[in-house]
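The structure appears below as structure tokens.
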Amino acid sequence: MAEPLRVLVTGAAGQIAYSLLYSVAKGDVFGPNQPIILVLLDIQPMLGVLEGVVMEMMDCALPLLKEVIPSVNEMEAFKDVDVAMLVGAMPRREGMERKDLLAANVKIFKSMGHAIDTQAKKNIKVVVVGNPANTNAYICKKYAPSINPANFTALTRLDQNRAQAQIAAKLGVSNSSVKNCVIWGNHSSTQYPDVNQAVVDLNGKTMPVREAVKDDNWLNNEFIKTVQQRGAAVIKARKLSSAMSAAKAIVDHVRDWWNGVPDGTYVSMAVPSDGSYNIEEGLIYSFPVRTKPDHTYEIVKGLTINDFSREKMDATEKELSEEKNMALSVCES
Ligand SMILES: NC(=O)c1ccc[n+]([C@@H]2O[C@H](COP(=O)([O-])OP(=O)(O)OC[C@H]3O[C@@H](n4cnc5c(N)ncnc54)[C@H](O)[C@@H]3O)[C@@H](O)[C@H]2O)c1
Ligand SMILES: O=C(O)C[C@H](O)C(=O)O
């Protein structure tokens with residue numbers, strides 16, 4: 001058997017982690033032959049809850065789970081970590097925009113960036129989930145200068161899954177029949193869910209989603225708005241932010257990053273912009289990416305961008321650029 005991977009989950013006493021940990025520990029992310037050491041980080045007041053989570057993880061008696069280490073000490077928790085799922089942060093409540101969270105959460109990610117820089121394995125892979133996820137990932141990357149910037153990503157897979165599920169429901173097909181929905185930009189209400197490259201298997205034939213749906217008005221308006229506002233709709237209904245679907249999306253994101261996706265398929269991840277599609281370099285912007293079995297990825301280049309898409313891609317870039325400047329001033333003050 002392989003050496004165990006050291007996987008850190010922050011916010012481990014919270015609601016997303018409660019849906020996430022079992023899935024990670026039973027092999028849904030790294031496969032059935034990869035043993036795991038789970039490090040669970042939360043803050044001191046949550047230590048009692050964290051201990052309960054540790055008991056439950058033990059009681060699952062999972063074959064791949066070699067050790068569970070609870071921690072309320074950031075520097076210790078990041079030591080020698082291979083993969084970090086940074087969930088811990090304050091969640092958005094009803095009526096709050098993600099920007100409202102920025103001042104509260106961005107400092108957490110400055111401190112985690114420093115811990116990553118000094119403690120973690122140099123090839124650590126990081127996915128940031130805590131909101132505002134893209135900008136938190138930007139700050140984390142900035143304060144971890146010894147790590148390859150490409151190893152910092154933020155979660156937009158939940159948005160991709162939401163887009164895919166909306167299309168599948170509209171067409172009455174299974175979710176797995178819909179491929180290559182793209183999320184551009186920020187994990188916020190300015191994101192642009194784009195179906196111009198998406199395809200669907202329908203009646204034994206693979207065809208463009210636009211051709212299958214035959215309703216551009218729905219695709220250009222209601223569909224986009226539904227996906228953009230889905231997080232807020234869940235909060236309104238549950239009085240809590242999405243957790244089960246967020247955990248599933250984290251599993252999808254890291255599994256596909258770790259293992260690669262088949263040729264011709266791509267997934268959306270918020271990653272440091274290399275200037276592709278004229279997006280400001282360095283911003284953590286969601287692009288379609290092709291992941292490879294060596295745990296790397298590349299931004300899918302050369303997709304045709306029409307005027308409608310360009311406008312939406314620029315609007316979400318503008319929001320990210322503003323968030324970045326706000327975050328930098330919070331961190332530098
Ligand atoms: N990117 C996405 O798609 C997406 C989806 C859903 C939720 N979220 C975000 O994920 C985050 C977590 O959501 P949740 O519902 O699990 O929240 P939650 O309040 O249930 O849990 C958050 C946990 O993080 C802990 N925490 C706070 N500061 C910490 C720190 N410095 N170090 C370690 N742990 C810390 C808290 O004590 C708490 O246990 C929120 O910011 C939420 O907005 C993102
Ligand atoms: O919108 C939120 O703050 C919650 C979360 O990011 C979501 O998309 O469900």
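Numbering starts fresh at 1 for the residues of each chain in the structure tokens, the chains themselves are lettered A, B, ... in the order given, and ligands are numbered from 1 as they appear.
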
Can you list, as a PyMOL selection string, every protein, DNA or RNA residue that comes within 9 Å of Leu20 in chain A when you count only C-alpha atoms, leaving out same-chain residues fewer than 3 positions away? chain A and resi 15-17+23-25+243-244+246-248+250-251

Output N, CA and C atoms for every residue in that selection, as a tab-separated table (two decimals), in the first residue's frame.
chain	number	residue	atom	x	y	z
A	15	GLN	N	-20.42	22.60	9.56
A	15	GLN	CA	-21.41	21.76	8.88
A	15	GLN	C	-20.92	21.19	7.54
A	16	ILE	N	-20.12	21.91	6.77
A	16	ILE	CA	-19.61	21.31	5.52
A	16	ILE	C	-18.72	20.12	5.85
A	17	ALA	N	-17.82	20.34	6.82
A	17	ALA	CA	-16.88	19.27	7.18
A	17	ALA	C	-17.64	18.01	7.60
A	23	SER	N	-16.68	11.07	3.38
A	23	SER	CA	-16.42	10.81	1.97
A	23	SER	C	-14.91	10.76	1.67
A	24	VAL	N	-14.18	11.71	2.25
A	24	VAL	CA	-12.72	11.74	2.04
A	24	VAL	C	-12.09	10.48	2.64
A	25	ALA	N	-12.52	10.17	3.87
A	25	ALA	CA	-11.87	9.08	4.61
A	25	ALA	C	-12.19	7.71	4.02
A	243	ALA	N	-24.35	22.87	2.53
A	243	ALA	CA	-23.31	22.06	3.17
A	243	ALA	C	-23.12	20.72	2.45
A	244	MET	N	-24.22	19.96	2.28
A	244	MET	CA	-24.11	18.65	1.63
A	244	MET	C	-23.58	18.82	0.20
A	246	ALA	N	-22.03	21.40	-1.02
A	246	ALA	CA	-20.67	21.98	-1.00
A	246	ALA	C	-19.65	20.88	-0.76
A	247	ALA	N	-19.96	19.99	0.18
A	247	ALA	CA	-19.03	18.88	0.47
A	247	ALA	C	-18.85	17.99	-0.77
A	248	LYS	N	-19.95	17.69	-1.45
A	248	LYS	CA	-19.88	16.86	-2.67
A	248	LYS	C	-19.01	17.56	-3.73
A	250	ILE	N	-16.56	19.69	-3.18
A	250	ILE	CA	-15.14	19.64	-2.76
A	250	ILE	C	-14.56	18.27	-3.17
A	251	VAL	N	-15.33	17.23	-2.93
A	251	VAL	CA	-14.88	15.88	-3.33
A	251	VAL	C	-14.64	15.84	-4.84

Show me a table, sorted first by chain and then by increasing residue number, of the residues of chain A having an atom at most 7 Å from ligand 1, each with its shortest atom pair and the distance in Å to one decimal, counting only C-alpha atoms and all ligand atoms and written as JSON lines.
{"residue": "A:Thr10", "atom": "CA", "partner": "ligand 1", "partner_atom_place_in_ligand_line": "33 (C)", "distance": 4.8}
{"residue": "A:Gly11", "atom": "CA", "partner": "ligand 1", "partner_atom_place_in_ligand_line": "24 (O)", "distance": 3.2}
{"residue": "A:Ala12", "atom": "CA", "partner": "ligand 1", "partner_atom_place_in_ligand_line": "39 (O)", "distance": 5.9}
{"residue": "A:Ala13", "atom": "CA", "partner": "ligand 1", "partner_atom_place_in_ligand_line": "39 (O)", "distance": 4.2}
{"residue": "A:Gly14", "atom": "CA", "partner": "ligand 1", "partner_atom_place_in_ligand_line": "21 (O)", "distance": 3.2}
{"residue": "A:Gln15", "atom": "CA", "partner": "ligand 1", "partner_atom_place_in_ligand_line": "20 (O)", "distance": 3.9}
{"residue": "A:Ile16", "atom": "CA", "partner": "ligand 1", "partner_atom_place_in_ligand_line": "16 (O)", "distance": 3.8}
{"residue": "A:Ala17", "atom": "CA", "partner": "ligand 1", "partner_atom_place_in_ligand_line": "16 (O)", "distance": 5.9}
{"residue": "A:Leu41", "atom": "CA", "partner": "ligand 1", "partner_atom_place_in_ligand_line": "33 (C)", "distance": 5.3}
{"residue": "A:Asp42", "atom": "CA", "partner": "ligand 1", "partner_atom_place_in_ligand_line": "34 (N)", "distance": 3.6}
{"residue": "A:Ile43", "atom": "CA", "partner": "ligand 1", "partner_atom_place_in_ligand_line": "34 (N)", "distance": 5.1}
{"residue": "A:Met46", "atom": "CA", "partner": "ligand 1", "partner_atom_place_in_ligand_line": "37 (O)", "distance": 5.7}
{"residue": "A:Val87", "atom": "CA", "partner": "ligand 1", "partner_atom_place_in_ligand_line": "12 (C)", "distance": 5.0}
{"residue": "A:Gly88", "atom": "CA", "partner": "ligand 1", "partner_atom_place_in_ligand_line": "24 (O)", "distance": 3.3}
{"residue": "A:Ala89", "atom": "CA", "partner": "ligand 1", "partner_atom_place_in_ligand_line": "27 (C)", "distance": 4.1}
{"residue": "A:Met90", "atom": "CA", "partner": "ligand 1", "partner_atom_place_in_ligand_line": "41 (O)", "distance": 4.7}
{"residue": "A:Pro91", "atom": "CA", "partner": "ligand 1", "partner_atom_place_in_ligand_line": "40 (C)", "distance": 3.5}
{"residue": "A:Arg92", "atom": "CA", "partner": "ligand 1", "partner_atom_place_in_ligand_line": "43 (O)", "distance": 4.9}
{"residue": "A:Ile108", "atom": "CA", "partner": "ligand 1", "partner_atom_place_in_ligand_line": "31 (N)", "distance": 5.1}
{"residue": "A:Val129", "atom": "CA", "partner": "ligand 1", "partner_atom_place_in_ligand_line": "1 (N)", "distance": 4.1}
{"residue": "A:Gly130", "atom": "CA", "partner": "ligand 1", "partner_atom_place_in_ligand_line": "41 (O)", "distance": 3.5}
{"residue": "A:Asn131", "atom": "CA", "partner": "ligand 1", "partner_atom_place_in_ligand_line": "41 (O)", "distance": 4.1}
{"residue": "A:Pro132", "atom": "CA", "partner": "ligand 1", "partner_atom_place_in_ligand_line": "41 (O)", "distance": 6.9}
{"residue": "A:Ala133", "atom": "CA", "partner": "ligand 1", "partner_atom_place_in_ligand_line": "1 (N)", "distance": 5.4}
{"residue": "A:Ala154", "atom": "CA", "partner": "ligand 1", "partner_atom_place_in_ligand_line": "1 (N)", "distance": 6.8}
{"residue": "A:Leu155", "atom": "CA", "partner": "ligand 1", "partner_atom_place_in_ligand_line": "1 (N)", "distance": 4.7}
{"residue": "A:Thr156", "atom": "CA", "partner": "ligand 1", "partner_atom_place_in_ligand_line": "3 (O)", "distance": 5.6}
{"residue": "A:Arg157", "atom": "CA", "partner": "ligand 1", "partner_atom_place_in_ligand_line": "3 (O)", "distance": 6.9}
{"residue": "A:Leu158", "atom": "CA", "partner": "ligand 1", "partner_atom_place_in_ligand_line": "3 (O)", "distance": 5.2}
{"residue": "A:Asp159", "atom": "CA", "partner": "ligand 1", "partner_atom_place_in_ligand_line": "3 (O)", "distance": 6.9}
{"residue": "A:His187", "atom": "CA", "partner": "ligand 1", "partner_atom_place_in_ligand_line": "1 (N)", "distance": 6.3}
{"residue": "A:Leu240", "atom": "CA", "partner": "ligand 1", "partner_atom_place_in_ligand_line": "15 (O)", "distance": 6.8}
{"residue": "A:Ser241", "atom": "CA", "partner": "ligand 1", "partner_atom_place_in_ligand_line": "15 (O)", "distance": 5.3}
{"residue": "A:Ser242", "atom": "CA", "partner": "ligand 1", "partner_atom_place_in_ligand_line": "6 (C)", "distance": 4.9}
{"residue": "A:Ala243", "atom": "CA", "partner": "ligand 1", "partner_atom_place_in_ligand_line": "15 (O)", "distance": 5.6}
{"residue": "A:Ala246", "atom": "CA", "partner": "ligand 1", "partner_atom_place_in_ligand_line": "5 (C)", "distance": 4.8}

Please build the interface table for range 9-84 of chain A against range 293-297 of chain A with a cut-off of 12 Å, listing for each qualifying residue the nearest atom pair and the distance in Å to one decimal; count only C-alpha atoms, order rows by chain and increasing number, and write it as a Markdown table.
| residue | atom | partner | partner_atom | distance |
| --- | --- | --- | --- | --- |
| A:Phe30 | CA | A:His295 | CA | 11.1 |
| A:Asp82 | CA | A:His295 | CA | 11.6 |
| A:Val83 | CA | A:His295 | CA | 11.1 |

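Closest to Ala137 in chain A among A:Pro262, A:Gly231, A:Phe109, A:Thr226 is A:Phe109, based on only C-alpha atoms.
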
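The coordinates place CA of Ile139 in chain A at 8.4 Å from CA of Cys331 in chain A.
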
Could you list, as a list in words, every residue within 12 Å of Ser329 in chain A, counting only C-alpha atoms and ignoring same-chain residues fewer than 3 positions away? Leu102, Ala103, Val106, Lys107, Ile139, Glu322, Glu323, Lys324, Asn325, Met326, Glu332 and Ser333 of chain A

Restricting the output to C-alpha atoms, write the selected residues as an mmCIF file, in the first residue's frame.
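Final output, selection27.cif:
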data_model
loop_
_atom_site.group_PDB
_atom_site.id
_atom_site.type_symbol
_atom_site.label_atom_id
_atom_site.label_comp_id
_atom_site.auth_asym_id
_atom_site.auth_seq_id
_atom_site.Cartn_x
_atom_site.Cartn_y
_atom_site.Cartn_z
ATOM 1 C CA LEU A 102 -14.297 39.753 3.315
ATOM 2 C CA ALA A 103 -13.007 41.823 6.188
ATOM 3 C CA VAL A 106 -9.457 37.403 4.759
ATOM 4 C CA LYS A 107 -7.124 37.621 7.764
ATOM 5 C CA ILE A 139 -4.449 36.069 -0.079
ATOM 6 C CA GLU A 322 -12.019 45.167 -6.366
ATOM 7 C CA GLU A 323 -12.182 42.370 -3.766
ATOM 8 C CA LYS A 324 -8.450 41.832 -4.184
ATOM 9 C CA ASN A 325 -7.699 45.495 -3.514
ATOM 10 C CA MET A 326 -9.980 45.492 -0.434
ATOM 11 C CA GLU A 332 -1.677 45.347 5.055
ATOM 12 C CA SER A 333 -3.410 47.561 7.665
#

If you count only C-alpha atoms, which residues fall within 8 Å of Ala168 in chain A, apart from same-chain ones fewer than 6 positions away, as a PDB file with C-alpha atoms, in the first residue's frame?
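Full text of around.pdb as output:
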ATOM      1  CA  SER A 174     -29.508  12.296 -16.036  1.00  0.00           C
ATOM      2  CA  ASN A 175     -26.946  14.700 -14.577  1.00  0.00           C
ATOM      3  CA  SER A 177     -25.440  13.265 -19.602  1.00  0.00           C
ATOM      4  CA  VAL A 178     -24.466  16.963 -19.396  1.00  0.00           C
TER       5      VAL A 178
END

Running DSSP on the backbone, which parts of range 72-276 of chain A land in strand (DSSP E or B), as JSON, numbers by chain? {"A": [83, 84, 85, 86, 125, 126, 127, 128, 152, 153, 154, 178, 179, 182, 183, 184, 185, 192, 193, 194, 199, 200, 201, 202, 205, 206, 207, 208, 267, 268, 269, 270, 271, 272]}

For the residues in that selection, give me N, CA and C atoms as a JSON list (two decimals), in the first residue's frame.
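Saved as out_5.json:
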[["chain", "number", "residue", "atom", "x", "y", "z"],
["A", 83, "VAL", "N", -2.40, 17.78, 1.16],
["A", 83, "VAL", "CA", -3.61, 18.37, 0.54],
["A", 83, "VAL", "C", -4.38, 19.10, 1.64],
["A", 84, "ALA", "N", -4.75, 20.36, 1.36],
["A", 84, "ALA", "CA", -5.49, 21.14, 2.37],
["A", 84, "ALA", "C", -6.83, 21.58, 1.80],
["A", 85, "MET", "N", -7.89, 21.28, 2.53],
["A", 85, "MET", "CA", -9.24, 21.72, 2.16],
["A", 85, "MET", "C", -9.61, 22.81, 3.17],
["A", 86, "LEU", "N", -9.53, 24.06, 2.73],
["A", 86, "LEU", "CA", -9.67, 25.18, 3.66],
["A", 86, "LEU", "C", -11.12, 25.65, 3.71],
["A", 125, "LYS", "N", -1.34, 20.79, -2.26],
["A", 125, "LYS", "CA", -2.45, 21.25, -3.11],
["A", 125, "LYS", "C", -3.50, 21.84, -2.19],
["A", 126, "VAL", "N", -3.98, 23.03, -2.52],
["A", 126, "VAL", "CA", -4.90, 23.75, -1.63],
["A", 126, "VAL", "C", -6.20, 24.06, -2.37],
["A", 127, "VAL", "N", -7.32, 23.74, -1.75],
["A", 127, "VAL", "CA", -8.60, 24.25, -2.26],
["A", 127, "VAL", "C", -9.23, 25.09, -1.15],
["A", 128, "VAL", "N", -9.57, 26.33, -1.51],
["A", 128, "VAL", "CA", -10.21, 27.24, -0.55],
["A", 128, "VAL", "C", -11.72, 27.21, -0.79],
["A", 152, "PHE", "N", -2.72, 26.80, -5.58],
["A", 152, "PHE", "CA", -3.81, 27.43, -4.82],
["A", 152, "PHE", "C", -5.03, 27.55, -5.72],
["A", 153, "THR", "N", -6.12, 26.95, -5.29],
["A", 153, "THR", "CA", -7.36, 26.99, -6.08],
["A", 153, "THR", "C", -8.52, 27.34, -5.14],
["A", 154, "ALA", "N", -9.62, 27.75, -5.74],
["A", 154, "ALA", "CA", -10.84, 27.96, -4.96],
["A", 154, "ALA", "C", -11.98, 27.19, -5.61],
["A", 178, "VAL", "N", -24.82, 15.58, -19.06],
["A", 178, "VAL", "CA", -24.47, 16.96, -19.40],
["A", 178, "VAL", "C", -22.99, 17.19, -19.07],
["A", 179, "LYS", "N", -22.25, 17.73, -20.03],
["A", 179, "LYS", "CA", -20.81, 17.94, -19.82],
["A", 179, "LYS", "C", -20.39, 19.34, -20.25],
["A", 182, "VAL", "N", -19.37, 25.66, -18.12],
["A", 182, "VAL", "CA", -18.21, 26.42, -17.61],
["A", 182, "VAL", "C", -18.67, 27.49, -16.64],
["A", 183, "ILE", "N", -17.95, 27.63, -15.54],
["A", 183, "ILE", "CA", -18.16, 28.76, -14.63],
["A", 183, "ILE", "C", -16.96, 29.69, -14.79],
["A", 184, "TRP", "N", -17.25, 30.93, -15.14],
["A", 184, "TRP", "CA", -16.18, 31.94, -15.26],
["A", 184, "TRP", "C", -16.23, 32.87, -14.04],
["A", 185, "GLY", "N", -15.06, 33.17, -13.47],
["A", 185, "GLY", "CA", -14.96, 34.27, -12.53],
["A", 185, "GLY", "C", -15.07, 33.93, -11.07],
["A", 192, "TYR", "N", -20.26, 33.84, -14.08],
["A", 192, "TYR", "CA", -20.95, 33.64, -15.35],
["A", 192, "TYR", "C", -20.99, 32.14, -15.68],
["A", 193, "PRO", "N", -22.16, 31.52, -15.50],
["A", 193, "PRO", "CA", -22.33, 30.13, -15.93],
["A", 193, "PRO", "C", -22.59, 30.11, -17.43],
["A", 194, "ASP", "N", -21.73, 29.46, -18.17],
["A", 194, "ASP", "CA", -21.70, 29.56, -19.64],
["A", 194, "ASP", "C", -21.94, 28.16, -20.24],
["A", 199, "VAL", "N", -22.22, 20.20, -23.80],
["A", 199, "VAL", "CA", -22.88, 19.20, -24.66],
["A", 199, "VAL", "C", -23.72, 18.28, -23.79],
["A", 200, "VAL", "N", -24.68, 17.63, -24.43],
["A", 200, "VAL", "CA", -25.55, 16.70, -23.71],
["A", 200, "VAL", "C", -25.78, 15.46, -24.57],
["A", 201, "ASP", "N", -25.85, 14.31, -23.89],
["A", 201, "ASP", "CA", -26.22, 13.07, -24.59],
["A", 201, "ASP", "C", -27.73, 12.97, -24.57],
["A", 202, "LEU", "N", -28.32, 13.04, -25.75],
["A", 202, "LEU", "CA", -29.78, 13.04, -25.83],
["A", 202, "LEU", "C", -30.20, 12.09, -26.95],
["A", 205, "LYS", "N", -27.48, 10.62, -29.00],
["A", 205, "LYS", "CA", -26.63, 11.53, -29.78],
["A", 205, "LYS", "C", -26.04, 12.59, -28.86],
["A", 206, "THR", "N", -24.76, 12.96, -29.09],
["A", 206, "THR", "CA", -24.18, 14.05, -28.31],
["A", 206, "THR", "C", -24.39, 15.35, -29.08],
["A", 207, "MET", "N", -25.02, 16.34, -28.45],
["A", 207, "MET", "CA", -25.29, 17.59, -29.17],
["A", 207, "MET", "C", -25.07, 18.79, -28.26],
["A", 208, "PRO", "N", -24.83, 19.98, -28.84],
["A", 208, "PRO", "CA", -24.66, 21.18, -28.02],
["A", 208, "PRO", "C", -25.91, 21.42, -27.16],
["A", 267, "VAL", "N", -13.37, 20.79, -16.41],
["A", 267, "VAL", "CA", -14.08, 21.13, -15.18],
["A", 267, "VAL", "C", -13.73, 22.56, -14.82],
["A", 268, "SER", "N", -14.58, 23.18, -14.00],
["A", 268, "SER", "CA", -14.30, 24.56, -13.61],
["A", 268, "SER", "C", -13.62, 24.60, -12.26],
["A", 269, "MET", "N", -12.50, 25.32, -12.22],
["A", 269, "MET", "CA", -11.79, 25.55, -10.96],
["A", 269, "MET", "C", -11.35, 27.01, -10.97],
["A", 270, "ALA", "N", -11.41, 27.64, -9.81],
["A", 270, "ALA", "CA", -10.86, 28.99, -9.71],
["A", 270, "ALA", "C", -9.37, 28.84, -9.44],
["A", 271, "VAL", "N", -8.56, 29.36, -10.38],
["A", 271, "VAL", "CA", -7.10, 29.16, -10.34],
["A", 271, "VAL", "C", -6.44, 30.50, -10.69],
["A", 272, "PRO", "N", -5.13, 30.64, -10.38],
["A", 272, "PRO", "CA", -4.48, 31.91, -10.70],
["A", 272, "PRO", "C", -4.51, 32.16, -12.21]]
